[in-house]
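This is start-v6.txt (compact mmCIF, C-alpha atoms).
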# COMPACT_ATOMS: atom_id res chain seq x y z
CA MET V 18 67.33 45.35 135.30
CA ARG V 19 68.49 48.95 134.87
CA THR V 20 68.12 50.35 131.33
CA PRO V 21 71.24 52.27 130.26
CA THR V 22 70.19 55.93 130.21
CA ILE V 23 71.81 59.33 130.03
CA VAL V 24 70.02 62.11 131.89
CA VAL V 25 70.42 65.67 130.63
CA ALA V 26 69.19 68.73 132.50
CA THR V 27 67.71 71.58 130.51
CA ASP V 28 66.32 74.98 131.44
CA GLY V 29 65.67 76.32 127.96
CA ALA V 30 67.74 78.02 125.28
CA ALA V 31 70.67 78.57 127.66
CA THR V 32 71.29 74.81 127.75
CA SER V 33 70.61 74.00 124.10
CA ALA V 34 74.28 73.05 123.57
CA THR V 35 74.10 70.79 126.62
CA VAL V 36 71.17 68.89 125.16
CA ARG V 37 72.93 68.51 121.80
CA TRP V 38 76.07 67.18 123.50
CA ALA V 39 74.05 64.66 125.51
CA ALA V 40 72.13 63.52 122.43
CA ARG V 41 75.34 62.86 120.51
CA GLU V 42 76.79 60.99 123.48
CA ALA V 43 73.65 58.85 123.77
CA ALA V 44 73.97 58.01 120.07
CA ARG V 45 77.62 57.02 120.50
CA ARG V 46 76.75 54.77 123.43
CA ARG V 47 73.50 53.52 121.89
CA VAL V 48 71.53 54.26 125.05
CA SER V 49 68.33 56.14 125.85
CA LEU V 50 68.25 59.85 126.69
CA ARG V 51 66.04 61.36 129.38
CA VAL V 52 65.57 65.12 129.00
CA VAL V 53 64.72 66.63 132.38
CA HIS V 54 63.50 70.11 133.23
CA VAL V 55 62.75 71.10 136.81
CA LEU V 56 60.15 73.75 137.55
CA ASP V 57 61.71 75.62 140.46
CA TRP V 58 58.57 75.97 142.52
CA ASP V 59 58.53 76.50 146.29
CA TRP V 60 55.30 75.01 147.57
CA ASN V 61 55.48 76.82 150.91
CA THR V 62 55.94 80.33 149.53
CA SER V 63 53.66 79.82 146.52
CA ARG V 64 50.64 78.14 148.11
CA TYR V 65 48.58 81.34 148.17
CA ASP V 66 48.93 81.90 144.41
CA PHE V 67 46.99 78.86 143.18
CA GLY V 68 43.77 80.79 142.72
CA ALA V 69 45.36 82.98 140.06
CA ASP V 70 46.30 79.94 138.00
CA ASN V 71 49.97 80.83 138.38
CA PHE V 72 50.98 77.26 139.03
CA GLU V 73 49.18 75.82 136.00
CA MET V 74 50.71 78.47 133.77
CA ALA V 75 54.17 77.78 135.17
CA ARG V 76 53.75 74.04 134.70
CA GLU V 77 52.63 74.43 131.08
CA LEU V 78 55.63 76.63 130.35
CA ALA V 79 57.92 74.09 132.02
CA GLU V 80 56.50 71.27 129.92
CA THR V 81 57.08 73.39 126.80
CA VAL V 82 60.72 73.83 127.79
CA THR V 83 61.09 70.06 128.18
CA ALA V 84 59.35 69.30 124.89
CA THR V 85 61.44 71.86 122.97
CA ALA V 86 64.68 70.42 124.32
CA ALA V 87 63.57 66.87 123.57
CA ALA V 88 62.69 67.85 120.00
CA GLU V 89 66.18 69.28 119.53
CA ALA V 90 67.71 66.07 120.91
CA ARG V 91 65.69 63.98 118.43
CA THR V 92 66.87 66.20 115.58
CA VAL V 93 70.50 65.79 116.58
CA ALA V 94 70.24 62.04 117.25
CA PRO V 95 67.19 60.57 115.50
CA SER V 96 68.18 57.01 116.40
CA VAL V 97 68.08 57.69 120.15
CA ASN V 98 65.06 56.93 122.30
CA VAL V 99 64.35 60.34 123.89
CA MET V 100 62.09 60.64 126.92
CA GLU V 101 60.66 63.85 128.39
CA VAL V 102 60.41 64.42 132.14
CA THR V 103 59.18 67.60 133.83
CA LEU V 104 59.68 67.73 137.59
CA ILE V 105 58.65 70.22 140.27
CA GLY V 106 60.66 71.39 143.25
CA SER V 107 64.28 72.20 144.06
CA PRO V 108 66.30 71.76 140.82
CA ALA V 109 69.42 70.26 142.42
CA ALA V 110 67.50 67.83 144.62
CA GLN V 111 65.21 66.75 141.80
CA LEU V 112 68.09 66.20 139.39
CA LEU V 113 69.98 64.12 141.95
CA ASP V 114 66.90 61.91 142.33
CA ALA V 115 66.37 61.77 138.55
CA CYS V 116 69.87 60.39 137.90
CA ASP V 117 69.71 57.81 140.68
CA GLU V 118 69.83 54.95 138.17
CA ALA V 119 71.44 56.75 135.22
CA GLU V 120 74.85 55.88 133.82
CA LEU V 121 75.65 59.54 133.14
CA LEU V 122 74.26 62.96 134.08
CA VAL V 123 74.87 65.91 131.74
CA VAL V 124 74.44 69.50 132.92
CA GLY V 125 75.30 72.94 131.61
CA GLY V 126 78.09 75.12 132.90
CA ARG V 127 75.71 77.98 133.64
CA GLY V 128 71.97 77.86 133.90
CA HIS V 129 69.20 80.32 133.14
CA GLY V 130 69.63 83.65 134.91
CA GLY V 131 73.33 83.15 135.65
CA PHE V 132 75.39 86.30 136.13
CA ALA V 133 78.32 86.83 133.77
CA GLY V 134 80.77 86.72 136.66
CA LEU V 135 79.62 83.31 137.83
CA LEU V 136 81.66 80.67 136.02
CA LEU V 137 79.60 77.68 137.17
CA GLY V 138 75.95 77.68 138.20
CA GLY V 139 75.11 76.61 141.74
CA VAL V 140 72.85 73.77 140.60
CA SER V 141 75.50 72.36 138.28
CA GLN V 142 78.15 72.50 140.97
CA ARG V 143 75.92 70.79 143.51
CA VAL V 144 74.93 67.92 141.23
CA ALA V 145 78.50 67.52 139.95
CA THR V 146 79.62 67.22 143.56
CA HIS V 147 76.91 64.89 144.84
CA ALA V 148 75.56 62.88 141.88
CA PRO V 149 75.60 59.08 142.34
CA CYS V 150 76.91 58.61 138.80
CA PRO V 151 79.51 60.18 136.47
CA VAL V 152 78.76 63.78 135.46
CA VAL V 153 79.62 65.83 132.38
CA VAL V 154 79.52 69.61 132.68
CA VAL V 155 79.17 71.07 129.19
CA ARG V 156 81.02 74.37 129.09
CA GLY V 157 83.51 76.35 127.02
CA ARG V 158 83.59 75.21 123.39
CA THR V 159 80.44 73.15 123.80
CA ASP V 160 80.29 71.91 120.20
CA ALA V 161 84.00 71.13 119.92
CA ASP V 162 84.51 67.94 117.92
CA GLU V 163 88.19 68.30 117.09
CA GLY V 164 91.29 67.62 119.13
CA PRO V 165 92.08 64.73 121.48
CA VAL V 166 90.50 63.67 124.73
CA ALA V 167 92.62 64.76 127.71
CA VAL V 168 92.85 62.79 130.94
CA GLY V 169 94.46 63.58 134.26
CA VAL V 170 96.30 60.53 135.64
CA ASP V 171 97.42 60.09 139.25
CA ASP V 172 98.07 57.25 141.70
CA SER V 173 94.61 57.23 143.28
CA ALA V 174 92.51 54.08 143.53
CA ALA V 175 90.19 55.45 140.84
CA ALA V 176 92.94 55.96 138.24
CA GLU V 177 92.14 52.79 136.30
CA ASP V 178 88.44 53.67 136.06
CA VAL V 179 89.34 57.15 134.82
CA LEU V 180 91.67 55.71 132.18
CA SER V 181 88.98 53.25 131.10
CA THR V 182 86.52 56.11 130.60
CA ALA V 183 89.05 58.29 128.77
CA PHE V 184 90.21 55.59 126.35
CA ALA V 185 86.62 54.58 125.60
CA ALA V 186 85.70 58.21 124.95
CA ALA V 187 88.65 58.69 122.60
CA ALA V 188 87.88 55.46 120.74
CA ALA V 189 84.19 56.37 120.34
CA ARG V 190 85.16 59.75 118.90
CA GLY V 191 87.88 58.38 116.63
CA THR V 192 90.47 60.67 118.15
CA GLY V 193 93.67 60.50 120.21
CA LEU V 194 94.32 60.70 123.92
CA LEU V 195 96.49 63.19 125.81
CA ALA V 196 97.48 61.65 129.17
CA ILE V 197 98.79 64.12 131.73
CA ARG V 198 100.57 63.39 134.98
CA THR V 199 101.59 66.20 137.34
CA TYR V 200 103.74 66.06 140.44
CA LEU V 201 105.47 68.31 142.91
CA PRO V 202 109.25 68.10 142.75
CA ALA V 203 111.32 67.46 145.83
CA VAL V 204 112.43 71.02 146.59
CA PRO V 205 115.35 71.45 149.06
CA LEU V 206 114.24 73.17 152.26
CA TYR V 207 116.69 76.05 151.82
CA TYR V 208 114.72 77.19 148.77
CA GLY V 209 111.73 77.95 150.96
CA TYR V 210 108.22 77.74 149.56
CA ALA V 211 108.14 80.56 147.01
CA VAL V 212 110.35 79.06 144.28
CA PRO V 213 108.48 78.17 141.06
CA ALA V 214 108.67 74.44 140.33
CA ALA V 215 110.02 75.15 136.84
CA LEU V 216 113.21 76.59 138.35
CA VAL V 217 114.02 73.38 140.18
CA ALA V 218 115.85 70.93 137.89
CA THR V 219 114.75 67.35 138.63
CA PRO V 220 115.65 65.29 135.54
CA GLU V 221 115.77 61.99 137.42
CA GLN V 222 112.33 62.53 138.96
CA ASP V 223 110.95 63.65 135.59
CA THR V 224 112.16 60.40 134.04
CA ALA V 225 110.73 58.31 136.87
CA GLU V 226 107.31 60.01 136.69
CA ARG V 227 107.13 59.57 132.92
CA ALA V 228 108.05 55.88 133.29
CA ARG V 229 105.22 55.43 135.81
CA LEU V 230 102.77 57.08 133.45
CA VAL V 231 103.87 54.90 130.53
CA GLU V 232 103.47 51.82 132.72
CA GLN V 233 99.95 52.87 133.75
CA LEU V 234 98.96 53.39 130.13
CA ALA V 235 100.43 50.16 128.75
CA PRO V 236 97.43 47.82 129.28
CA TRP V 237 95.02 50.43 127.93
CA ARG V 238 97.13 51.04 124.87
CA ALA V 239 97.02 47.30 124.23
CA LYS V 240 93.22 47.27 124.61
CA TYR V 241 92.76 50.31 122.36
CA PRO V 242 95.51 49.99 119.72
CA ASN V 243 93.79 52.46 117.40
CA VAL V 244 93.90 55.29 119.94
CA ALA V 245 97.03 57.39 119.47
CA VAL V 246 98.42 58.38 122.88
CA GLU V 247 100.50 61.41 123.78
CA THR V 248 101.96 61.72 127.28
CA ARG V 249 102.86 64.83 129.20
CA VAL V 250 104.53 65.17 132.60
CA SER V 251 104.47 68.52 134.38
CA GLN V 252 105.49 70.03 137.68
CA ASP V 253 102.67 72.57 137.50
CA GLY V 254 99.36 72.05 139.26
CA ALA V 255 97.01 69.53 137.67
CA ALA V 256 94.16 72.03 137.35
CA ALA V 257 96.32 74.63 135.61
CA VAL V 258 97.71 72.11 133.14
CA LEU V 259 94.32 70.60 132.32
CA VAL V 260 92.66 73.99 131.94
CA GLY V 261 95.49 74.96 129.60
CA VAL V 262 95.12 71.93 127.33
CA SER V 263 91.30 72.23 127.34
CA HIS V 264 91.62 75.00 124.73
CA GLY V 265 92.64 72.36 122.19
CA THR V 266 90.75 69.26 123.34
CA GLN V 267 87.15 68.16 122.96
CA LEU V 268 86.77 66.57 126.39
CA VAL V 269 88.72 66.50 129.66
CA VAL V 270 88.31 63.46 131.91
CA VAL V 271 89.19 63.59 135.61
CA GLY V 272 88.46 61.52 138.69
CA SER V 273 86.05 62.73 141.33
CA ARG V 274 88.67 62.82 144.05
CA GLY V 275 92.45 63.16 144.07
CA HIS V 276 95.25 63.20 146.61
CA GLY V 277 94.95 65.44 149.63
CA VAL V 278 91.21 66.00 149.33
CA ILE V 279 89.27 66.07 152.59
CA VAL V 280 87.58 62.74 153.22
CA GLY V 281 83.84 62.97 152.59
CA THR V 282 83.97 65.39 149.68
CA LEU V 283 82.97 63.96 146.32
CA LEU V 284 84.79 66.41 144.08
CA GLY V 285 88.41 67.48 144.53
CA SER V 286 89.88 70.93 143.97
CA THR V 287 91.20 69.98 140.51
CA GLY V 288 87.72 68.96 139.37
CA LEU V 289 86.14 72.11 140.77
CA GLN V 290 88.65 74.38 139.07
CA LEU V 291 88.07 72.62 135.76
CA LEU V 292 84.31 73.02 136.09
CA HIS V 293 84.85 76.75 136.52
CA HIS V 294 87.56 77.40 133.94
CA ALA V 295 87.86 74.64 131.31
CA ASP V 296 87.29 75.57 127.65
CA CYS V 297 85.57 72.29 126.73
CA PRO V 298 83.20 69.81 128.41
CA VAL V 299 84.52 68.15 131.56
CA TYR V 300 83.79 64.52 132.44
CA VAL V 301 83.92 63.86 136.19
CA ASP V 302 84.27 60.11 136.47
CA ARG V 303 83.15 58.26 139.55
CA PRO V 304 81.92 54.72 140.29
CA ARG V 305 78.16 54.41 140.29
CA GLN V 306 76.66 54.36 143.76
CA GLU V 307 74.15 51.56 143.42
CA HIS V 308 70.73 52.26 144.87
CA ARG V 309 70.00 50.34 148.05
How would this structure read if it were set down as structure tokens?
Amino acid sequence: MRTPTIVVATDGAATSATVRWAAREAARRRVSLRVVHVLDWDWNTSRYDFGADNFEMARELAETVTATAAAEARTVAPSVNVMEVTLIGSPAAQLLDACDEAELLVVGGRGHGGFAGLLLGGVSQRVATHAPCPVVVVRGRTDADEGPVAVGVDDSAAAEDVLSTAFAAAAARGTGLLAIRTYLPAVPLYYGYAVPAALVATPEQDTAERARLVEQLAPWRAKYPNVAVETRVSQDGAAAVLVGVSHGTQLVVVGSRGHGVIVGTLLGSTGLQLLHHADCPVYVDRPRQEHR
């Protein structure tokens, strides 16, 4: 039987906030935490350096990074069972293997050595796109503990799972939920394609979209009566709206794939834009892909 575990990736001081976030989440869920650091070591290009003890030195430093992060996690969440794992190889590939049976993977928005102009590290983007479990990318106001949980709601097959995750997250944090639904208005052809959606008055469609959102939320409101819910309907793009509200929320929850996304991709354009621009941690919800 699989033991409920959160896996958090660390590469040192740059991901200290990521480890703290994961430790608090593990405490809320009452699950174990596995702190993972990957020594980025290319066996093919490094095989001639073994005589100089370079590998042993690198491995000892890597284990120190893991131990330091684990110690911080234990300080933040003393009740959590924290495990230390140091792996060797390609960071993205090793992390994907490490979270094969995890219920959540937590990574930082930018890893060690990231350039200021890069808004999301390559490793984080790869694991967020391909992980077999839900992923949280800790970015922006990493220690934010005020404000509601925001959730993007659409008509996809995964919408109910996303709502389940968002309501549970809000309830665990003792905060409210901001549910957002966006849509493109039916613009007459004679307007062309350059007219801002805000200039097109569609009161009937606005009312219909809000009614659909309220209907979607009804069973979850009944299940979580203590979670105060605010709804918002917008004609702007989902990514823009969610990035905007992220400045006042403590977590944004989205599905891994929305409408119009090319079949075979595991992360839609809305999710990718949030991972690059959100001002708080982003939870990319997806059904676990059970190991076969």
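Atom pair atom CA of V:Gln233 / atom CA of V:Glu247 has a distance of 13.1 Å (rounded to one decimal).
Of the residues listed (V:Ala94, V:Ala175, V:Leu104, V:Ala189), V:Leu104 shows the shortest atom-to-atom separation from V:Glu77; distances use all atoms listed in the file.
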Spatial sel., origin (88.7, 56.1, 129.2), limit 12 Å, all atoms listed in the file, listed as number ranges by chain: V: 166-170, 175-190, 193-196, 234, 237-238, 240-241, 244, 246, 268-272, 300-303
Using only C-alpha atoms: which of V:Asn71, V:Gln252, V:Thr83, V:Thr199 has the shortest distance to V:Asp171: V:Thr199
d(atom CA of V:Val24, atom CA of V:Ala115) in Å: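 Between these atoms lies a distance of 7.6 Å.
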Contacts of stretch 49-52 of chain V at 10 Å (only C-alpha atoms; same-chain gap of 4+ positions) as a PyMOL selection string: chain V and resi 20-27+36+39-44+83-88+90-91+94+96-103+115-116+119+121-123
Atom CA of V:Glu232 to atom CA of V:Tyr200, straight-line distance in Å: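 Spanning atom CA of V:Tyr200 to atom CA of V:Glu232 is a straight-line distance of 16.2 Å.
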Selected residue, from V:Val53, V:Val258, V:Cys150, V:Leu291, that lies nearest to V:Glu118 when counting all atoms listed in the file: V:Cys150
Residue nearest V:Asp57 among V:Pro220, V:Gly261, V:Pro298, V:Gly106 (counting all atoms listed in the file):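 Of the candidates, the smallest distance to V:Asp57 is held by V:Gly106.
With only C-alpha atoms as the basis for measurement, V:Gly126 is the residue among V:Gly29, V:Gly126, V:Gly164, V:Gly265 that approaches V:Ala145 most closely.
Among the candidates V:Ala161, V:Ala174, V:Ala109, V:Met74, the residue lying nearest to V:Val144 is V:Ala109 (atoms considered: only C-alpha atoms).
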Contacts of V:Gln142 within 9 Å, only C-alpha atoms, excl. fewer than 5 positions in-chain, as a PyMOL selection string: chain V and resi 126+137+147+154+289+292
Selection as number ranges by chain: residues within 7 Å of (58.0, 75.0, 139.5), counting all atoms listed in the file: V: 55-59, 75-76, 105-106
